[in-house]
Amino acid sequence: MKKLIIILTTILLTACSAPKVQTFEKYFTNAGMTNVEELIIQDGSTGYTKTTVDPQHIDALLSELKSIEVIPDDNQEARDGWRYGITLVQGEKRYSFALNSIEDIYYHTEPNLHPFVDSFYQNLDVEEK
């Protein structure tokens with residue numbers, strides 16, 4: 001009986017700590033990113049970065065991202081590379097994530113985020129550095 005209780009407790013604790021499906025808005029809110037002042041996007045294939053402080057650009061990206069579901073991948077083994085990295089800046093706070101991982105959790109999105117961010121980056125009229 002004691003072994004059964006230990007096994008059930010272990011299963012429950014493991015289930016409670018497993019990554020959950022949630023929206024980007026939930027991640028941003030939990031990180032305290034409610035008034036983003038700067039947006040930095042880095043292209044993982046070239047290393048170039050575009051930065052904007054234009055509220056219209058920032059709002060355009062964030063309003064698109066907020067409702068997208070972040071779905072943890074079943075396979076959480078480490079991976080190499082990423083397509084785009086995004087950093088949100090609010091005062092002294094910085095919140096960074098890639099299009100395939102957030103807070104050390106590998107994920108995919110529904111709908112697929114890659115085409116939107118790729119188009120946004122390509123059309124963002126600021127100098128690449």
# chains A, B, ... in the order shown; residues from 1 in each chain; ligands from 1

call {"tool": "residues_around", "arguments": {"residues": "range 112-126 of chain A", "least_positions_apart": "5", "cutoff": "9 Å", "atoms": "only C-alpha atoms", "output": "PyMOL selection string"}}
result
chain A and resi 41-43+50-52+57+60-61+64-65+68+83-84+99

call {"tool": "write_last_selection", "arguments": {"atoms": "all heavy atoms", "output": "tab-separated table (two decimals), in the first residue's frame"}}
result
chain	number	residue	atom	x	y	z
A	41	ILE	N	14.31	41.71	-32.85
A	41	ILE	CA	14.14	40.43	-33.53
A	41	ILE	C	15.46	40.08	-34.18
A	41	ILE	O	16.01	40.87	-34.94
A	41	ILE	CB	13.03	40.48	-34.59
A	41	ILE	CG1	11.70	40.90	-33.97
A	41	ILE	CG2	12.89	39.12	-35.27
A	41	ILE	CD1	10.57	41.01	-34.97
A	42	GLN	N	15.95	38.88	-33.88
A	42	GLN	CA	17.19	38.42	-34.48
A	42	GLN	C	16.89	37.25	-35.40
A	42	GLN	O	16.18	36.32	-35.04
A	42	GLN	CB	18.19	37.98	-33.42
A	42	GLN	CG	19.53	37.59	-34.03
A	42	GLN	CD	20.59	37.28	-32.99
A	42	GLN	OE1	20.29	36.95	-31.86
A	42	GLN	NE2	21.84	37.39	-33.39
A	43	ASP	N	17.44	37.33	-36.61
A	43	ASP	CA	17.31	36.27	-37.60
A	43	ASP	C	18.37	35.21	-37.28
A	43	ASP	O	19.57	35.48	-37.36
A	43	ASP	CB	17.52	36.85	-39.00
A	43	ASP	CG	17.33	35.84	-40.11
A	43	ASP	OD1	17.54	34.63	-39.88
A	43	ASP	OD2	16.97	36.26	-41.23
A	50	LYS	N	17.05	43.29	-36.04
A	50	LYS	CA	16.29	44.52	-36.27
A	50	LYS	C	15.67	44.93	-34.93
A	50	LYS	O	15.11	44.09	-34.22
A	50	LYS	CB	15.18	44.30	-37.30
A	50	LYS	CG	15.70	44.12	-38.72
A	50	LYS	CD	14.57	44.07	-39.72
A	50	LYS	CE	15.09	43.96	-41.15
A	50	LYS	NZ	13.98	43.98	-42.12
A	51	THR	N	15.78	46.21	-34.62
A	51	THR	CA	15.27	46.75	-33.37
A	51	THR	C	14.34	47.91	-33.67
A	51	THR	O	14.64	48.75	-34.52
A	51	THR	CB	16.44	47.25	-32.48
A	51	THR	OG1	17.32	46.16	-32.24
A	51	THR	CG2	15.93	47.81	-31.17
A	52	THR	N	13.22	47.96	-32.96
A	52	THR	CA	12.29	49.08	-33.13
A	52	THR	C	11.74	49.51	-31.78
A	52	THR	O	11.55	48.67	-30.89
A	52	THR	CB	11.14	48.73	-34.09
A	52	THR	OG1	10.32	49.89	-34.28
A	52	THR	CG2	10.28	47.59	-33.59
A	57	HIS	N	4.75	49.28	-34.57
A	57	HIS	CA	5.41	48.02	-34.92
A	57	HIS	C	5.28	47.02	-33.77
A	57	HIS	O	4.96	45.85	-33.99
A	57	HIS	CB	6.89	48.24	-35.22
A	57	HIS	CG	7.15	48.98	-36.48
A	57	HIS	ND1	8.27	49.78	-36.62
A	57	HIS	CD2	6.48	49.06	-37.64
A	57	HIS	CE1	8.26	50.31	-37.82
A	57	HIS	NE2	7.18	49.89	-38.46
A	60	ALA	N	1.73	45.79	-33.45
A	60	ALA	CA	1.38	44.90	-34.57
A	60	ALA	C	1.85	43.48	-34.29
A	60	ALA	O	1.10	42.51	-34.50
A	60	ALA	CB	1.98	45.42	-35.88
A	61	LEU	N	3.07	43.33	-33.81
A	61	LEU	CA	3.58	42.00	-33.52
A	61	LEU	C	2.89	41.39	-32.29
A	61	LEU	O	2.40	40.26	-32.34
A	61	LEU	CB	5.09	42.02	-33.29
A	61	LEU	CG	5.69	40.64	-33.00
A	61	LEU	CD1	5.64	39.75	-34.24
A	61	LEU	CD2	7.10	40.75	-32.48
A	64	GLU	N	-0.70	40.22	-32.67
A	64	GLU	CA	-0.78	38.96	-33.44
A	64	GLU	C	-0.36	37.77	-32.57
A	64	GLU	O	-0.96	36.70	-32.65
A	64	GLU	CB	0.11	39.05	-34.68
A	64	GLU	CG	-0.02	37.89	-35.62
A	64	GLU	CD	-1.36	37.83	-36.34
A	64	GLU	OE1	-1.98	38.87	-36.59
A	64	GLU	OE2	-1.78	36.70	-36.64
A	65	LEU	N	0.64	37.96	-31.75
A	65	LEU	CA	1.16	36.86	-30.93
A	65	LEU	C	0.26	36.49	-29.76
A	65	LEU	O	0.17	35.31	-29.41
A	65	LEU	CB	2.54	37.23	-30.36
A	65	LEU	CG	3.73	37.33	-31.28
A	65	LEU	CD1	4.98	37.67	-30.48
A	65	LEU	CD2	3.93	36.05	-32.05
A	68	ILE	N	-2.02	33.39	-29.81
A	68	ILE	CA	-1.48	32.15	-30.36
A	68	ILE	C	-1.15	31.18	-29.23
A	68	ILE	O	-0.55	31.55	-28.23
A	68	ILE	CB	-0.23	32.43	-31.23
A	68	ILE	CG1	-0.66	33.18	-32.49
A	68	ILE	CG2	0.51	31.15	-31.59
A	68	ILE	CD1	0.46	33.56	-33.41
A	83	ARG	N	15.10	29.81	-35.76
A	83	ARG	CA	14.85	30.67	-36.93
A	83	ARG	C	14.85	32.14	-36.54
A	83	ARG	O	15.51	32.96	-37.14
A	83	ARG	CB	13.54	30.27	-37.60
A	83	ARG	CG	13.20	31.07	-38.82
A	83	ARG	CD	14.22	30.82	-39.94
A	83	ARG	NE	13.80	31.51	-41.15
A	83	ARG	CZ	14.46	32.55	-41.66
A	83	ARG	NH1	15.56	32.99	-41.13
A	83	ARG	NH2	14.02	33.15	-42.73
A	84	TYR	N	14.07	32.51	-35.55
A	84	TYR	CA	14.03	33.89	-35.06
A	84	TYR	C	14.03	33.89	-33.54
A	84	TYR	O	13.39	33.05	-32.91
A	84	TYR	CB	12.77	34.63	-35.54
A	84	TYR	CG	12.80	35.00	-36.99
A	84	TYR	CD1	12.10	34.25	-37.93
A	84	TYR	CD2	13.53	36.09	-37.44
A	84	TYR	CE1	12.13	34.58	-39.28
A	84	TYR	CE2	13.56	36.43	-38.79
A	84	TYR	CZ	12.86	35.66	-39.69
A	84	TYR	OH	12.90	35.99	-41.02
A	99	LEU	N	11.44	31.08	-31.65
A	99	LEU	CA	10.20	30.56	-32.21
A	99	LEU	C	10.02	29.07	-31.99
A	99	LEU	O	8.99	28.51	-32.36
A	99	LEU	CB	10.11	30.87	-33.71
A	99	LEU	CG	10.02	32.35	-34.07
A	99	LEU	CD1	9.60	32.51	-35.53
A	99	LEU	CD2	9.06	33.11	-33.17

call {"tool": "select_by_dssp", "arguments": {"residues": "range 48-108 of chain A", "states": "strand (DSSP E)", "output": "PyMOL selection string"}}
result
chain A and resi 49-52+69-72+84-90+93-98+101-102+105-108

call {"tool": "atom_distance", "arguments": {"atom1": "CA of Lys93 in chain A", "atom2": "CA of Met33 in chain A"}}
result
8.0 Å

call {"tool": "residues_around", "arguments": {"residues": "Glu103 in chain A", "least_positions_apart": "4", "cutoff": "12 Å", "atoms": "only C-alpha atoms", "output": "MDAnalysis selection string"}}
result
chainID A and resid 19 24 27:28 30:31 70 72 95:99 107

call {"tool": "write_last_selection", "arguments": {"atoms": "all heavy atoms", "output": "CSV table (one decimal), in the first residue's frame"}}
result
chain,number,residue,atom,x,y,z
A,19,PRO,N,4.9,21.0,-18.7
A,19,PRO,CA,4.5,22.2,-19.4
A,19,PRO,C,3.0,22.1,-19.9
A,19,PRO,O,2.6,21.0,-20.3
A,19,PRO,CB,5.4,22.3,-20.6
A,19,PRO,CG,6.5,21.3,-20.3
A,19,PRO,CD,6.0,20.3,-19.3
A,24,PHE,N,0.7,33.1,-25.7
A,24,PHE,CA,1.9,34.0,-25.5
A,24,PHE,C,1.5,35.1,-24.5
A,24,PHE,O,2.3,35.5,-23.7
A,24,PHE,CB,2.3,34.6,-26.8
A,24,PHE,CG,3.3,33.8,-27.6
A,24,PHE,CD1,2.8,33.1,-28.7
A,24,PHE,CD2,4.6,33.6,-27.2
A,24,PHE,CE1,3.7,32.4,-29.5
A,24,PHE,CE2,5.5,32.9,-27.9
A,24,PHE,CZ,5.0,32.2,-29.1
A,27,TYR,N,2.3,34.0,-21.1
A,27,TYR,CA,3.7,34.1,-20.8
A,27,TYR,C,4.1,35.5,-20.6
A,27,TYR,O,4.9,35.8,-19.6
A,27,TYR,CB,4.5,33.5,-22.0
A,27,TYR,CG,4.7,32.0,-22.0
A,27,TYR,CD1,3.9,31.3,-22.9
A,27,TYR,CD2,5.5,31.4,-21.1
A,27,TYR,CE1,4.1,29.9,-22.9
A,27,TYR,CE2,5.6,30.0,-21.1
A,27,TYR,CZ,4.9,29.3,-22.0
A,27,TYR,OH,5.0,27.9,-22.0
A,28,PHE,N,3.7,36.5,-21.4
A,28,PHE,CA,4.1,37.9,-21.3
A,28,PHE,C,3.6,38.5,-20.0
A,28,PHE,O,4.3,39.2,-19.3
A,28,PHE,CB,3.5,38.7,-22.5
A,28,PHE,CG,4.0,38.3,-23.9
A,28,PHE,CD1,3.3,38.6,-25.0
A,28,PHE,CD2,5.2,37.5,-24.0
A,28,PHE,CE1,3.7,38.2,-26.3
A,28,PHE,CE2,5.6,37.1,-25.3
A,28,PHE,CZ,4.9,37.5,-26.4
A,30,ASN,N,2.8,36.8,-17.2
A,30,ASN,CA,3.5,36.2,-16.1
A,30,ASN,C,4.9,36.8,-15.9
A,30,ASN,O,5.4,36.9,-14.8
A,30,ASN,CB,3.6,34.7,-16.2
A,30,ASN,CG,2.3,34.0,-16.0
A,30,ASN,OD1,1.4,34.6,-15.5
A,30,ASN,ND2,2.2,32.8,-16.4
A,31,ALA,N,5.5,37.3,-17.1
A,31,ALA,CA,6.8,37.9,-17.0
A,31,ALA,C,6.8,39.4,-16.7
A,31,ALA,O,7.8,40.1,-16.6
A,31,ALA,CB,7.5,37.7,-18.4
A,70,VAL,N,0.7,28.3,-27.4
A,70,VAL,CA,2.1,27.7,-27.3
A,70,VAL,C,1.9,26.3,-26.8
A,70,VAL,O,1.4,26.0,-25.7
A,70,VAL,CB,2.9,28.5,-26.3
A,70,VAL,CG1,4.3,27.8,-26.1
A,70,VAL,CG2,3.1,29.9,-26.8
A,72,PRO,N,3.6,22.8,-25.9
A,72,PRO,CA,4.8,22.1,-25.6
A,72,PRO,C,5.0,20.8,-26.5
A,72,PRO,O,4.0,20.0,-26.6
A,72,PRO,CB,4.8,21.7,-24.1
A,72,PRO,CG,3.8,22.7,-23.6
A,72,PRO,CD,2.8,22.9,-24.7
A,95,TYR,N,12.6,40.2,-21.9
A,95,TYR,CA,12.0,38.8,-22.0
A,95,TYR,C,12.3,38.3,-23.3
A,95,TYR,O,11.9,38.9,-24.3
A,95,TYR,CB,10.5,38.9,-21.7
A,95,TYR,CG,9.8,37.6,-21.6
A,95,TYR,CD1,10.0,36.8,-20.5
A,95,TYR,CD2,9.1,37.1,-22.6
A,95,TYR,CE1,9.4,35.5,-20.4
A,95,TYR,CE2,8.5,35.9,-22.5
A,95,TYR,CZ,8.6,35.1,-21.4
A,95,TYR,OH,8.1,33.9,-21.3
A,96,SER,N,13.1,37.2,-23.4
A,96,SER,CA,13.5,36.7,-24.7
A,96,SER,C,13.0,35.3,-24.9
A,96,SER,O,12.8,34.5,-23.9
A,96,SER,CB,15.0,36.6,-24.8
A,96,SER,OG,15.6,37.9,-24.6
A,97,PHE,N,12.7,35.0,-26.2
A,97,PHE,CA,12.3,33.6,-26.5
A,97,PHE,C,12.6,33.4,-28.0
A,97,PHE,O,12.8,34.4,-28.8
A,97,PHE,CB,10.8,33.4,-26.3
A,97,PHE,CG,9.9,34.3,-27.0
A,97,PHE,CD1,9.3,34.0,-28.2
A,97,PHE,CD2,9.6,35.6,-26.4
A,97,PHE,CE1,8.4,34.9,-28.8
A,97,PHE,CE2,8.7,36.5,-27.0
A,97,PHE,CZ,8.1,36.1,-28.3
A,98,ALA,N,12.6,32.2,-28.4
A,98,ALA,CA,12.8,31.8,-29.8
A,98,ALA,C,11.5,31.2,-30.3
A,98,ALA,O,10.6,30.9,-29.6
A,98,ALA,CB,14.0,30.8,-30.0
A,99,LEU,N,11.4,31.1,-31.6
A,99,LEU,CA,10.2,30.6,-32.2
A,99,LEU,C,10.0,29.1,-32.0
A,99,LEU,O,9.0,28.5,-32.4
A,99,LEU,CB,10.1,30.9,-33.7
A,99,LEU,CG,10.0,32.3,-34.1
A,99,LEU,CD1,9.6,32.5,-35.5
A,99,LEU,CD2,9.1,33.1,-33.2
A,107,TYR,N,8.5,24.0,-28.1
A,107,TYR,CA,7.1,24.1,-28.5
A,107,TYR,C,6.9,24.3,-30.0
A,107,TYR,O,7.8,24.6,-30.7
A,107,TYR,CB,6.4,25.2,-27.7
A,107,TYR,CG,6.9,26.6,-28.2
A,107,TYR,CD1,6.2,27.3,-29.2
A,107,TYR,CD2,8.0,27.3,-27.6
A,107,TYR,CE1,6.6,28.5,-29.7
A,107,TYR,CE2,8.4,28.5,-28.1
A,107,TYR,CZ,7.7,29.1,-29.1
A,107,TYR,OH,8.1,30.4,-29.5

call {"tool": "closest_residue", "arguments": {"among": "A:Ala78, A:Val36, A:Ile71, A:Ile105", "to": "Gln22 in chain A", "atoms": "only C-alpha atoms"}}
result
A:Ile71

call {"tool": "closest_residue", "arguments": {"among": "A:Asp73, A:Gln90, A:Leu62, A:Tyr48", "to": "Ile102 in chain A", "atoms": "only C-alpha atoms"}}
result
A:Asp73

call {"tool": "atom_distance", "arguments": {"atom1": "CA of Gly85 in chain A", "atom2": "CA of Thr109 in chain A"}}
result
14.8 Å

call {"tool": "atom_distance", "arguments": {"atom1": "CA of Thr46 in chain A", "atom2": "CA of Arg79 in chain A"}}
result
18.1 Å

call {"tool": "closest_residue", "arguments": {"among": "A:Ser63, A:Thr87, A:Gln56, A:Ser101", "to": "Glu25 in chain A", "atoms": "only C-alpha atoms"}}
result
A:Ser63

call {"tool": "closest_residue", "arguments": {"among": "A:Asp74, A:Asp104, A:Glu110, A:Asp80", "to": "Gly44 in chain A", "atoms": "only C-alpha atoms"}}
result
A:Asp80

call {"tool": "select_by_dssp", "arguments": {"residues": "range 36-100 of chain A", "states": "alpha helix (DSSP H)", "output": "ChimeraX atom specification"}}
result
/A:55-65
